[in-house]
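Enquirer: To be precise about what I am sending: the file is called run12.cif and holds mmCIF, N, CA and C atoms and all ligand atoms.
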```
data_target
loop_
_atom_site.label_atom_id
_atom_site.label_comp_id
_atom_site.auth_asym_id
_atom_site.auth_seq_id
_atom_site.Cartn_x
_atom_site.Cartn_y
_atom_site.Cartn_z
N MET A 4 62.22 203.10 -50.67
CA MET A 4 61.87 203.88 -49.49
C MET A 4 61.67 205.34 -49.89
N VAL A 5 60.75 205.97 -49.25
CA VAL A 5 60.56 207.41 -49.47
C VAL A 5 60.61 208.10 -48.10
N ALA A 6 61.00 209.37 -48.15
CA ALA A 6 61.06 210.17 -46.92
C ALA A 6 59.67 210.69 -46.60
N VAL A 7 59.25 210.50 -45.36
CA VAL A 7 57.96 211.00 -44.90
C VAL A 7 58.17 211.77 -43.59
N LYS A 8 57.58 212.96 -43.54
CA LYS A 8 57.62 213.74 -42.31
C LYS A 8 56.23 213.73 -41.69
N TYR A 9 56.12 213.18 -40.50
CA TYR A 9 54.88 213.23 -39.75
C TYR A 9 55.03 214.34 -38.72
N ILE A 10 54.03 215.20 -38.62
CA ILE A 10 54.08 216.30 -37.65
C ILE A 10 52.85 216.22 -36.74
N GLN A 11 53.11 216.10 -35.46
CA GLN A 11 52.02 216.08 -34.49
C GLN A 11 51.46 217.49 -34.31
N ALA A 12 50.26 217.58 -33.73
CA ALA A 12 49.61 218.87 -33.52
C ALA A 12 50.45 219.79 -32.63
N ASP A 13 51.27 219.21 -31.74
CA ASP A 13 52.10 220.04 -30.86
C ASP A 13 53.44 220.41 -31.50
N GLY A 14 53.62 220.04 -32.76
CA GLY A 14 54.81 220.44 -33.49
C GLY A 14 55.93 219.43 -33.52
N VAL A 15 55.80 218.35 -32.77
CA VAL A 15 56.84 217.31 -32.78
C VAL A 15 56.87 216.64 -34.15
N GLU A 16 58.07 216.55 -34.71
CA GLU A 16 58.24 215.97 -36.05
C GLU A 16 58.94 214.62 -35.99
N TYR A 17 58.52 213.76 -36.89
CA TYR A 17 59.19 212.47 -37.08
C TYR A 17 59.60 212.41 -38.55
N ASN A 18 60.88 212.32 -38.82
CA ASN A 18 61.37 212.18 -40.19
C ASN A 18 61.81 210.73 -40.36
N VAL A 19 61.06 209.99 -41.17
CA VAL A 19 61.28 208.55 -41.28
C VAL A 19 61.32 208.13 -42.74
N SER A 20 61.77 206.91 -42.98
CA SER A 20 61.73 206.31 -44.32
C SER A 20 60.66 205.24 -44.32
N VAL A 21 59.82 205.26 -45.36
CA VAL A 21 58.69 204.33 -45.44
C VAL A 21 58.80 203.56 -46.76
N PRO A 22 58.63 202.25 -46.73
CA PRO A 22 58.75 201.48 -47.97
C PRO A 22 57.63 201.79 -48.98
N VAL A 23 57.99 201.89 -50.25
CA VAL A 23 57.00 202.00 -51.31
C VAL A 23 56.12 200.74 -51.25
N GLY A 24 54.83 200.94 -51.39
CA GLY A 24 53.90 199.80 -51.36
C GLY A 24 53.25 199.61 -50.01
N SER A 25 53.83 200.18 -48.95
CA SER A 25 53.16 200.13 -47.65
C SER A 25 52.21 201.32 -47.59
N THR A 26 51.58 201.54 -46.45
CA THR A 26 50.67 202.68 -46.32
C THR A 26 51.26 203.71 -45.37
N LEU A 27 50.73 204.92 -45.45
CA LEU A 27 51.19 205.95 -44.52
C LEU A 27 50.89 205.56 -43.09
N MET A 28 49.82 204.83 -42.86
CA MET A 28 49.52 204.34 -41.50
C MET A 28 50.60 203.37 -41.05
N GLN A 29 50.96 202.41 -41.89
CA GLN A 29 51.98 201.43 -41.53
C GLN A 29 53.31 202.13 -41.26
N GLY A 30 53.61 203.16 -42.05
CA GLY A 30 54.83 203.91 -41.84
C GLY A 30 54.85 204.59 -40.49
N ALA A 31 53.70 205.10 -40.07
CA ALA A 31 53.62 205.75 -38.76
C ALA A 31 53.73 204.73 -37.64
N VAL A 32 52.98 203.67 -37.72
CA VAL A 32 52.96 202.67 -36.64
C VAL A 32 54.33 202.01 -36.49
N SER A 33 54.94 201.64 -37.61
CA SER A 33 56.22 200.93 -37.52
C SER A 33 57.35 201.83 -37.02
N ASN A 34 57.15 203.15 -37.11
CA ASN A 34 58.16 204.09 -36.61
C ASN A 34 57.75 204.73 -35.29
N MET A 35 56.70 204.15 -34.67
CA MET A 35 56.22 204.61 -33.36
C MET A 35 55.88 206.09 -33.35
N VAL A 36 55.27 206.54 -34.42
CA VAL A 36 54.78 207.92 -34.49
C VAL A 36 53.52 208.01 -33.63
N GLU A 37 53.54 208.88 -32.65
CA GLU A 37 52.38 209.00 -31.76
C GLU A 37 51.25 209.74 -32.46
N GLY A 38 50.02 209.29 -32.19
CA GLY A 38 48.86 210.00 -32.72
C GLY A 38 48.15 209.26 -33.83
N ILE A 39 48.79 208.26 -34.42
CA ILE A 39 48.12 207.40 -35.40
C ILE A 39 47.83 206.08 -34.67
N LEU A 40 46.58 205.89 -34.28
CA LEU A 40 46.23 204.74 -33.45
C LEU A 40 45.97 203.48 -34.27
N ALA A 41 45.27 203.64 -35.38
CA ALA A 41 45.02 202.52 -36.31
C ALA A 41 44.40 201.32 -35.60
N GLU A 42 43.35 201.56 -34.87
CA GLU A 42 42.74 200.51 -34.05
C GLU A 42 42.18 199.34 -34.86
N CYS A 43 41.79 199.58 -36.09
CA CYS A 43 41.21 198.47 -36.89
C CYS A 43 42.27 197.77 -37.72
N GLY A 44 43.50 198.23 -37.62
CA GLY A 44 44.58 197.55 -38.33
C GLY A 44 44.64 197.85 -39.82
N GLY A 45 43.88 198.82 -40.25
CA GLY A 45 43.97 199.22 -41.66
C GLY A 45 42.82 198.77 -42.52
N SER A 46 41.72 198.36 -41.91
CA SER A 46 40.58 197.88 -42.70
C SER A 46 39.54 198.98 -42.96
N CYS A 47 39.91 200.22 -42.74
CA CYS A 47 39.05 201.36 -43.06
C CYS A 47 37.76 201.35 -42.26
N ALA A 48 37.85 200.95 -40.99
CA ALA A 48 36.65 200.84 -40.16
C ALA A 48 36.66 201.72 -38.93
N CYS A 49 37.82 202.27 -38.53
CA CYS A 49 37.87 202.95 -37.23
C CYS A 49 38.11 204.46 -37.30
N ALA A 50 38.74 204.91 -38.35
CA ALA A 50 39.09 206.33 -38.55
C ALA A 50 40.12 206.87 -37.56
N THR A 51 40.77 206.00 -36.80
CA THR A 51 41.78 206.48 -35.85
C THR A 51 43.17 206.59 -36.48
N CYS A 52 43.20 206.58 -37.78
CA CYS A 52 44.45 206.82 -38.52
C CYS A 52 44.32 208.12 -39.31
N HIS A 53 43.37 208.95 -38.90
CA HIS A 53 43.11 210.22 -39.60
C HIS A 53 44.36 211.09 -39.65
N CYS A 54 44.56 211.72 -40.79
CA CYS A 54 45.69 212.65 -40.93
C CYS A 54 45.29 213.74 -41.91
N TYR A 55 46.14 214.75 -42.01
CA TYR A 55 45.93 215.84 -42.96
C TYR A 55 47.09 215.85 -43.94
N VAL A 56 46.73 215.97 -45.22
CA VAL A 56 47.73 216.04 -46.28
C VAL A 56 47.60 217.40 -46.95
N GLY A 57 48.72 218.08 -47.15
CA GLY A 57 48.70 219.40 -47.76
C GLY A 57 48.27 219.37 -49.22
N ASP A 58 47.73 220.51 -49.67
CA ASP A 58 47.24 220.62 -51.05
C ASP A 58 48.29 220.20 -52.07
N GLU A 59 49.54 220.54 -51.80
CA GLU A 59 50.59 220.28 -52.78
C GLU A 59 50.83 218.79 -52.99
N TRP A 60 50.34 217.96 -52.07
CA TRP A 60 50.55 216.51 -52.18
C TRP A 60 49.29 215.76 -52.59
N LEU A 61 48.14 216.38 -52.46
CA LEU A 61 46.89 215.65 -52.72
C LEU A 61 46.84 215.07 -54.13
N SER A 62 47.37 215.82 -55.11
CA SER A 62 47.31 215.34 -56.49
C SER A 62 48.20 214.13 -56.72
N LYS A 63 49.12 213.87 -55.81
CA LYS A 63 50.03 212.73 -55.95
C LYS A 63 49.48 211.46 -55.29
N LEU A 64 48.33 211.59 -54.65
CA LEU A 64 47.72 210.46 -53.96
C LEU A 64 46.53 209.94 -54.75
N SER A 65 46.24 208.66 -54.58
CA SER A 65 44.99 208.15 -55.13
C SER A 65 43.84 208.82 -54.37
N GLU A 66 42.74 209.05 -55.07
CA GLU A 66 41.61 209.71 -54.43
C GLU A 66 40.96 208.79 -53.41
N ALA A 67 40.34 209.40 -52.41
CA ALA A 67 39.60 208.62 -51.41
C ALA A 67 38.42 207.92 -52.10
N ASP A 68 38.25 206.63 -51.82
CA ASP A 68 37.10 205.92 -52.38
C ASP A 68 35.88 206.11 -51.46
N GLU A 69 34.77 205.54 -51.86
CA GLU A 69 33.52 205.76 -51.12
C GLU A 69 33.62 205.26 -49.68
N LEU A 70 34.27 204.11 -49.48
CA LEU A 70 34.39 203.56 -48.12
C LEU A 70 35.20 204.51 -47.24
N GLU A 71 36.30 205.04 -47.77
CA GLU A 71 37.10 205.98 -46.97
C GLU A 71 36.29 207.23 -46.64
N LYS A 72 35.55 207.74 -47.62
CA LYS A 72 34.74 208.94 -47.37
C LYS A 72 33.69 208.66 -46.29
N GLU A 73 33.07 207.48 -46.34
CA GLU A 73 32.07 207.14 -45.33
C GLU A 73 32.70 207.02 -43.95
N THR A 74 33.86 206.40 -43.86
CA THR A 74 34.53 206.24 -42.57
C THR A 74 34.99 207.58 -42.03
N LEU A 75 35.42 208.47 -42.90
CA LEU A 75 35.83 209.81 -42.46
C LEU A 75 34.68 210.59 -41.83
N GLU A 76 33.45 210.20 -42.14
CA GLU A 76 32.30 210.88 -41.53
C GLU A 76 32.25 210.64 -40.03
N MET A 77 32.98 209.66 -39.51
CA MET A 77 33.04 209.40 -38.07
C MET A 77 33.93 210.40 -37.34
N VAL A 78 34.71 211.15 -38.10
CA VAL A 78 35.71 212.04 -37.52
C VAL A 78 35.13 213.42 -37.26
N ASP A 79 35.43 213.98 -36.08
CA ASP A 79 34.92 215.31 -35.73
C ASP A 79 35.69 216.43 -36.41
N ASN A 80 37.00 216.29 -36.50
CA ASN A 80 37.85 217.38 -36.94
C ASN A 80 38.30 217.23 -38.39
N VAL A 81 37.33 216.94 -39.26
CA VAL A 81 37.64 216.83 -40.68
C VAL A 81 37.90 218.23 -41.24
N MET A 82 38.95 218.32 -42.04
CA MET A 82 39.28 219.58 -42.71
C MET A 82 39.70 219.25 -44.14
N ARG A 83 39.94 220.30 -44.90
CA ARG A 83 40.49 220.10 -46.24
C ARG A 83 41.80 219.31 -46.07
N GLY A 84 41.97 218.28 -46.88
CA GLY A 84 43.18 217.48 -46.78
C GLY A 84 43.05 216.29 -45.83
N SER A 85 41.88 216.13 -45.23
CA SER A 85 41.69 214.98 -44.33
C SER A 85 41.69 213.68 -45.12
N ARG A 86 42.46 212.73 -44.65
CA ARG A 86 42.50 211.39 -45.25
C ARG A 86 42.69 210.36 -44.15
N LEU A 87 42.42 209.12 -44.50
CA LEU A 87 42.74 208.01 -43.60
C LEU A 87 44.07 207.44 -44.07
N SER A 88 45.06 207.49 -43.19
CA SER A 88 46.41 207.13 -43.62
C SER A 88 46.54 205.66 -44.01
N CYS A 89 45.62 204.83 -43.54
CA CYS A 89 45.68 203.41 -43.92
C CYS A 89 45.24 203.19 -45.35
N GLN A 90 44.64 204.20 -45.94
CA GLN A 90 44.13 204.06 -47.31
C GLN A 90 45.04 204.74 -48.33
N ILE A 91 46.19 205.19 -47.88
CA ILE A 91 47.13 205.86 -48.78
C ILE A 91 48.35 204.98 -48.96
N THR A 92 48.47 204.40 -50.13
CA THR A 92 49.62 203.56 -50.44
C THR A 92 50.78 204.45 -50.86
N VAL A 93 51.92 204.19 -50.28
CA VAL A 93 53.12 205.00 -50.54
C VAL A 93 53.68 204.68 -51.93
N THR A 94 53.94 205.76 -52.69
CA THR A 94 54.55 205.63 -54.01
C THR A 94 55.81 206.50 -54.07
N GLU A 95 56.61 206.27 -55.11
CA GLU A 95 57.84 207.08 -55.28
C GLU A 95 57.50 208.56 -55.39
N ALA A 96 56.34 208.87 -55.96
CA ALA A 96 55.95 210.28 -56.16
C ALA A 96 55.72 211.00 -54.85
N MET A 97 55.62 210.25 -53.77
CA MET A 97 55.35 210.85 -52.46
C MET A 97 56.62 211.15 -51.67
N ASP A 98 57.77 210.97 -52.29
CA ASP A 98 59.03 211.19 -51.56
C ASP A 98 59.09 212.63 -51.05
N GLY A 99 59.24 212.80 -49.75
CA GLY A 99 59.31 214.12 -49.14
C GLY A 99 57.99 214.63 -48.59
N ILE A 100 56.95 213.81 -48.63
CA ILE A 100 55.61 214.24 -48.20
C ILE A 100 55.60 214.59 -46.71
N THR A 101 54.77 215.56 -46.38
CA THR A 101 54.51 215.92 -45.00
C THR A 101 53.10 215.52 -44.64
N VAL A 102 52.95 214.85 -43.51
CA VAL A 102 51.66 214.37 -43.04
C VAL A 102 51.41 214.97 -41.66
N ASN A 103 50.34 215.72 -41.52
CA ASN A 103 50.01 216.31 -40.22
C ASN A 103 49.02 215.42 -39.48
N ILE A 104 49.26 215.30 -38.18
CA ILE A 104 48.44 214.42 -37.35
C ILE A 104 47.51 215.29 -36.48
N PRO A 105 46.23 214.96 -36.44
CA PRO A 105 45.32 215.78 -35.63
C PRO A 105 45.62 215.69 -34.15
N GLU A 106 45.10 216.66 -33.41
CA GLU A 106 45.34 216.71 -31.97
C GLU A 106 44.78 215.47 -31.27
N SER A 107 43.66 214.98 -31.77
CA SER A 107 43.09 213.75 -31.22
C SER A 107 42.43 212.98 -32.34
N GLN A 108 42.21 211.68 -32.09
CA GLN A 108 41.58 210.83 -33.09
C GLN A 108 40.12 210.61 -32.69
N CYS A 109 39.22 210.90 -33.60
CA CYS A 109 37.76 210.79 -33.46
C CYS A 109 37.21 211.64 -32.33
FE1 LIG A 201 41.28 202.00 -39.03
FE2 LIG A 201 42.63 203.36 -40.89
S1 LIG A 201 43.41 202.05 -39.38
S2 LIG A 201 40.49 203.27 -40.58
#
```
How does this structure look as structure tokens?
Ligand code: FES
Expert:
Amino acid sequence: MVAVKYIQADGVEYNVSVPVGSTLMQGAVSNMVEGILAECGGSCACATCHCYVGDEWLSKLSEADELEKETLEMVDNVMRGSRLSCQITVTEAMDGITVNIPESQC
């Protein structure tokens, strides 16, 4: 398990433990973190699991593949650090990561 902090746009924080090998989306949904909708269930088709990852953590994540980049094009509020949380597999190196949730999805 690794510690993950999800922060909503209004500042509400969720400090949860997420199993290594699951995804940041699964960690949010299973802990009832509001704002990660994950309508497609993690198949990289809906972009409603959009999140922001800080620069200090990006190097610890696998890079977005072409499908994730294409799906992110559906999102209006893309910024530096935008990722689809269903495409980020949790590793030990991510212990303590902070994940920011956009004000709205798509
Ligand atoms: Fe649909 Fe991530 S859950 S793209």
Enquirer: Please, which residues have at least one atom within 6 Å of an atom of ligand LIG 201 (chain A), using all atoms listed in the file, listed as a tab-separated table (two decimals) with N, CA and C atoms, keeping the file's coordinate frame?
Expert:
```
chain	number	residue	atom	x	y	z
A	40	LEU	N	46.58	205.89	-34.28
A	40	LEU	CA	46.23	204.74	-33.45
A	40	LEU	C	45.97	203.48	-34.27
A	41	ALA	N	45.27	203.64	-35.38
A	41	ALA	CA	45.02	202.52	-36.31
A	41	ALA	C	44.40	201.32	-35.60
A	42	GLU	N	43.35	201.56	-34.87
A	42	GLU	CA	42.74	200.51	-34.05
A	42	GLU	C	42.18	199.34	-34.86
A	43	CYS	N	41.79	199.58	-36.09
A	43	CYS	CA	41.21	198.47	-36.89
A	43	CYS	C	42.27	197.77	-37.72
A	44	GLY	N	43.50	198.23	-37.62
A	44	GLY	CA	44.58	197.55	-38.33
A	44	GLY	C	44.64	197.85	-39.82
A	45	GLY	N	43.88	198.82	-40.25
A	45	GLY	CA	43.97	199.22	-41.66
A	45	GLY	C	42.82	198.77	-42.52
A	46	SER	N	41.72	198.36	-41.91
A	46	SER	CA	40.58	197.88	-42.70
A	46	SER	C	39.54	198.98	-42.96
A	47	CYS	N	39.91	200.22	-42.74
A	47	CYS	CA	39.05	201.36	-43.06
A	47	CYS	C	37.76	201.35	-42.26
A	48	ALA	N	37.85	200.95	-40.99
A	48	ALA	CA	36.65	200.84	-40.16
A	48	ALA	C	36.66	201.72	-38.93
A	49	CYS	N	37.82	202.27	-38.53
A	49	CYS	CA	37.87	202.95	-37.23
A	49	CYS	C	38.11	204.46	-37.30
A	50	ALA	N	38.74	204.91	-38.35
A	50	ALA	CA	39.09	206.33	-38.55
A	50	ALA	C	40.12	206.87	-37.56
A	51	THR	N	40.77	206.00	-36.80
A	51	THR	CA	41.78	206.48	-35.85
A	51	THR	C	43.17	206.59	-36.48
A	52	CYS	N	43.20	206.58	-37.78
A	52	CYS	CA	44.45	206.82	-38.52
A	52	CYS	C	44.32	208.12	-39.31
A	53	HIS	N	43.37	208.95	-38.90
A	53	HIS	CA	43.11	210.22	-39.60
A	53	HIS	C	44.36	211.09	-39.65
A	87	LEU	N	42.42	209.12	-44.50
A	87	LEU	CA	42.74	208.01	-43.60
A	87	LEU	C	44.07	207.44	-44.07
A	88	SER	N	45.06	207.49	-43.19
A	88	SER	CA	46.41	207.13	-43.62
A	88	SER	C	46.54	205.66	-44.01
A	89	CYS	N	45.62	204.83	-43.54
A	89	CYS	CA	45.68	203.41	-43.92
A	89	CYS	C	45.24	203.19	-45.35
A	90	GLN	N	44.64	204.20	-45.94
A	90	GLN	CA	44.13	204.06	-47.31
A	90	GLN	C	45.04	204.74	-48.33
```
Enquirer: Distance atom N of A:Ile104-atom C of A:Thr92, one decimal place?
Expert: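 Computed distance, atom N of A:Ile104 to atom C of A:Thr92, equals 16.8 Å.
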Enquirer: Using atom N of A:Val5 and atom CA of A:Thr26 as the two end points, give the distance in Å to one decimal.
Expert: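 About the pair atom N of A:Val5 and atom CA of A:Thr26: they are 11.0 Å apart.
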Enquirer: Enumerate, as a compact mmCIF listing (two decimals) with N, CA and C atoms, in the coordinates of the input, the complete set of residues in chain A that a backbone-based DSSP assignment places in strand (DSSP E or B).
Expert:
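That gives us states-v6.txt:
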```txt
# COMPACT_ATOMS: atom_id res chain seq x y z
N VAL A 5 60.75 205.97 -49.25
CA VAL A 5 60.56 207.41 -49.47
C VAL A 5 60.61 208.10 -48.10
N ALA A 6 61.00 209.37 -48.15
CA ALA A 6 61.06 210.17 -46.92
C ALA A 6 59.67 210.69 -46.60
N VAL A 7 59.25 210.50 -45.36
CA VAL A 7 57.96 211.00 -44.90
C VAL A 7 58.17 211.77 -43.59
N LYS A 8 57.58 212.96 -43.54
CA LYS A 8 57.62 213.74 -42.31
C LYS A 8 56.23 213.73 -41.69
N TYR A 9 56.12 213.18 -40.50
CA TYR A 9 54.88 213.23 -39.75
C TYR A 9 55.03 214.34 -38.72
N ILE A 10 54.03 215.20 -38.62
CA ILE A 10 54.08 216.30 -37.65
C ILE A 10 52.85 216.22 -36.74
N GLU A 16 58.07 216.55 -34.71
CA GLU A 16 58.24 215.97 -36.05
C GLU A 16 58.94 214.62 -35.99
N TYR A 17 58.52 213.76 -36.89
CA TYR A 17 59.19 212.47 -37.08
C TYR A 17 59.60 212.41 -38.55
N ASN A 18 60.88 212.32 -38.82
CA ASN A 18 61.37 212.18 -40.19
C ASN A 18 61.81 210.73 -40.36
N VAL A 19 61.06 209.99 -41.17
CA VAL A 19 61.28 208.55 -41.28
C VAL A 19 61.32 208.13 -42.74
N SER A 20 61.77 206.91 -42.98
CA SER A 20 61.73 206.31 -44.32
C SER A 20 60.66 205.24 -44.32
N VAL A 21 59.82 205.26 -45.36
CA VAL A 21 58.69 204.33 -45.44
C VAL A 21 58.80 203.56 -46.76
N THR A 26 51.58 201.54 -46.45
CA THR A 26 50.67 202.68 -46.32
C THR A 26 51.26 203.71 -45.37
N HIS A 53 43.37 208.95 -38.90
CA HIS A 53 43.11 210.22 -39.60
C HIS A 53 44.36 211.09 -39.65
N CYS A 54 44.56 211.72 -40.79
CA CYS A 54 45.69 212.65 -40.93
C CYS A 54 45.29 213.74 -41.91
N TYR A 55 46.14 214.75 -42.01
CA TYR A 55 45.93 215.84 -42.96
C TYR A 55 47.09 215.85 -43.94
N VAL A 56 46.73 215.97 -45.22
CA VAL A 56 47.73 216.04 -46.28
C VAL A 56 47.60 217.40 -46.95
N SER A 85 41.88 216.13 -45.23
CA SER A 85 41.69 214.98 -44.33
C SER A 85 41.69 213.68 -45.12
N ARG A 86 42.46 212.73 -44.65
CA ARG A 86 42.50 211.39 -45.25
C ARG A 86 42.69 210.36 -44.15
N LEU A 87 42.42 209.12 -44.50
CA LEU A 87 42.74 208.01 -43.60
C LEU A 87 44.07 207.44 -44.07
N THR A 92 48.47 204.40 -50.13
CA THR A 92 49.62 203.56 -50.44
C THR A 92 50.78 204.45 -50.86
N ILE A 100 56.95 213.81 -48.63
CA ILE A 100 55.61 214.24 -48.20
C ILE A 100 55.60 214.59 -46.71
N THR A 101 54.77 215.56 -46.38
CA THR A 101 54.51 215.92 -45.00
C THR A 101 53.10 215.52 -44.64
N VAL A 102 52.95 214.85 -43.51
CA VAL A 102 51.66 214.37 -43.04
C VAL A 102 51.41 214.97 -41.66
N ASN A 103 50.34 215.72 -41.52
CA ASN A 103 50.01 216.31 -40.22
C ASN A 103 49.02 215.42 -39.48
```
Enquirer: In terms of the shortest atom-to-atom distance over all atoms listed in the file, which of A:Leu61, A:Val21, A:Leu70, A:Met77 is closest to A:Gln108?
Expert: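 Using all atoms listed in the file, the shortest distance to A:Gln108 belongs to A:Met77.
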Enquirer: Just checking: using all atoms listed in the file, which residue out of A:Ser62, A:Thr74, A:Ser20, A:Ser25 ends up closest to A:Thr94?
Expert: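 Among A:Ser62, A:Thr74, A:Ser20, A:Ser25, it is A:Ser25 that comes nearest to A:Thr94.
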Enquirer: Please identify the alpha helix (DSSP H) residues within chain A (assignment by DSSP from backbone atoms) and present them as a ChimeraX atom specification.
Expert: /A:27-33,58-61,69-75
Enquirer: Residues of the last selection are to be written out with N, CA and C atoms, as a PDB file, in the coordinates of the input.
Expert:
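Written output follows (out-v2.pdb):
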```pdb
ATOM      1  N   LEU A  27      50.730 204.920 -45.450  1.00  0.00           N
ATOM      2  CA  LEU A  27      51.190 205.950 -44.520  1.00  0.00           C
ATOM      3  C   LEU A  27      50.890 205.560 -43.090  1.00  0.00           C
ATOM      4  N   MET A  28      49.820 204.830 -42.860  1.00  0.00           N
ATOM      5  CA  MET A  28      49.520 204.340 -41.500  1.00  0.00           C
ATOM      6  C   MET A  28      50.600 203.370 -41.050  1.00  0.00           C
ATOM      7  N   GLN A  29      50.960 202.410 -41.890  1.00  0.00           N
ATOM      8  CA  GLN A  29      51.980 201.430 -41.530  1.00  0.00           C
ATOM      9  C   GLN A  29      53.310 202.130 -41.260  1.00  0.00           C
ATOM     10  N   GLY A  30      53.610 203.160 -42.050  1.00  0.00           N
ATOM     11  CA  GLY A  30      54.830 203.910 -41.840  1.00  0.00           C
ATOM     12  C   GLY A  30      54.850 204.590 -40.490  1.00  0.00           C
ATOM     13  N   ALA A  31      53.700 205.100 -40.070  1.00  0.00           N
ATOM     14  CA  ALA A  31      53.620 205.750 -38.760  1.00  0.00           C
ATOM     15  C   ALA A  31      53.730 204.730 -37.640  1.00  0.00           C
ATOM     16  N   VAL A  32      52.980 203.670 -37.720  1.00  0.00           N
ATOM     17  CA  VAL A  32      52.960 202.670 -36.640  1.00  0.00           C
ATOM     18  C   VAL A  32      54.330 202.010 -36.490  1.00  0.00           C
ATOM     19  N   SER A  33      54.940 201.640 -37.610  1.00  0.00           N
ATOM     20  CA  SER A  33      56.220 200.930 -37.520  1.00  0.00           C
ATOM     21  C   SER A  33      57.350 201.830 -37.020  1.00  0.00           C
ATOM     22  N   ASP A  58      47.730 220.510 -49.670  1.00  0.00           N
ATOM     23  CA  ASP A  58      47.240 220.620 -51.050  1.00  0.00           C
ATOM     24  C   ASP A  58      48.290 220.200 -52.070  1.00  0.00           C
ATOM     25  N   GLU A  59      49.540 220.540 -51.800  1.00  0.00           N
ATOM     26  CA  GLU A  59      50.590 220.280 -52.780  1.00  0.00           C
ATOM     27  C   GLU A  59      50.830 218.790 -52.990  1.00  0.00           C
ATOM     28  N   TRP A  60      50.340 217.960 -52.070  1.00  0.00           N
ATOM     29  CA  TRP A  60      50.550 216.510 -52.180  1.00  0.00           C
ATOM     30  C   TRP A  60      49.290 215.760 -52.590  1.00  0.00           C
ATOM     31  N   LEU A  61      48.140 216.380 -52.460  1.00  0.00           N
ATOM     32  CA  LEU A  61      46.890 215.650 -52.720  1.00  0.00           C
ATOM     33  C   LEU A  61      46.840 215.070 -54.130  1.00  0.00           C
ATOM     34  N   GLU A  69      34.770 205.540 -51.860  1.00  0.00           N
ATOM     35  CA  GLU A  69      33.520 205.760 -51.120  1.00  0.00           C
ATOM     36  C   GLU A  69      33.620 205.260 -49.680  1.00  0.00           C
ATOM     37  N   LEU A  70      34.270 204.110 -49.480  1.00  0.00           N
ATOM     38  CA  LEU A  70      34.390 203.560 -48.120  1.00  0.00           C
ATOM     39  C   LEU A  70      35.200 204.510 -47.240  1.00  0.00           C
ATOM     40  N   GLU A  71      36.300 205.040 -47.770  1.00  0.00           N
ATOM     41  CA  GLU A  71      37.100 205.980 -46.970  1.00  0.00           C
ATOM     42  C   GLU A  71      36.290 207.230 -46.640  1.00  0.00           C
ATOM     43  N   LYS A  72      35.550 207.740 -47.620  1.00  0.00           N
ATOM     44  CA  LYS A  72      34.740 208.940 -47.370  1.00  0.00           C
ATOM     45  C   LYS A  72      33.690 208.660 -46.290  1.00  0.00           C
ATOM     46  N   GLU A  73      33.070 207.480 -46.340  1.00  0.00           N
ATOM     47  CA  GLU A  73      32.070 207.140 -45.330  1.00  0.00           C
ATOM     48  C   GLU A  73      32.700 207.020 -43.950  1.00  0.00           C
ATOM     49  N   THR A  74      33.860 206.400 -43.860  1.00  0.00           N
ATOM     50  CA  THR A  74      34.530 206.240 -42.570  1.00  0.00           C
ATOM     51  C   THR A  74      34.990 207.580 -42.030  1.00  0.00           C
ATOM     52  N   LEU A  75      35.420 208.470 -42.900  1.00  0.00           N
ATOM     53  CA  LEU A  75      35.830 209.810 -42.460  1.00  0.00           C
ATOM     54  C   LEU A  75      34.680 210.590 -41.830  1.00  0.00           C
TER      55      LEU A  75
END
```
Enquirer: Please determine, counting only N, CA and C atoms, which residue among A:Ala96, A:Ala12, A:Val102, A:Val78 has the shortest atom-to-atom distance to A:Val56.
Expert: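 So, comparing all the options, the nearest one is A:Val102.
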Enquirer: Find, counting all atoms listed in the file, the residue in A:Ser65, A:Trp60, A:Asp13, A:Lys72 that gets nearest to A:Ile100.
Expert: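 Of the candidates, the smallest distance to A:Ile100 is held by A:Trp60.
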Enquirer: Can you work out the spacing between atom C of A:Val23 and atom N of A:Asn103 in Å, to one decimal?
Expert: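 Taking atom C of A:Val23 and atom N of A:Asn103, their separation equals 18.8 Å.
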Enquirer: Can you tell me which residues surround A:Asp98 at a distance of at most 9 Å, considering only C-alpha atoms, apart from same-chain residues fewer than 5 positions away, and format the answer as a CSV table (one decimal) with N, CA and C atoms, in the frame of the given file?
Expert:
```csv
chain,number,residue,atom,x,y,z
A,4,MET,N,62.2,203.1,-50.7
A,4,MET,CA,61.9,203.9,-49.5
A,4,MET,C,61.7,205.3,-49.9
A,5,VAL,N,60.8,206.0,-49.2
A,5,VAL,CA,60.6,207.4,-49.5
A,5,VAL,C,60.6,208.1,-48.1
A,6,ALA,N,61.0,209.4,-48.2
A,6,ALA,CA,61.1,210.2,-46.9
A,6,ALA,C,59.7,210.7,-46.6
A,7,VAL,N,59.2,210.5,-45.4
A,7,VAL,CA,58.0,211.0,-44.9
A,7,VAL,C,58.2,211.8,-43.6
A,93,VAL,N,51.9,204.2,-50.3
A,93,VAL,CA,53.1,205.0,-50.5
A,93,VAL,C,53.7,204.7,-51.9
```
Enquirer: Just want the 6.5 Å neighbourhood of A:Gly84, counted on all atoms listed in the file, with same-chain residues fewer than 4 positions away dropped. Output as a list in words.
Expert: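 What passes the distance filter is Cys54, Tyr55, Val56, Gly57 and Asp58 of chain A.
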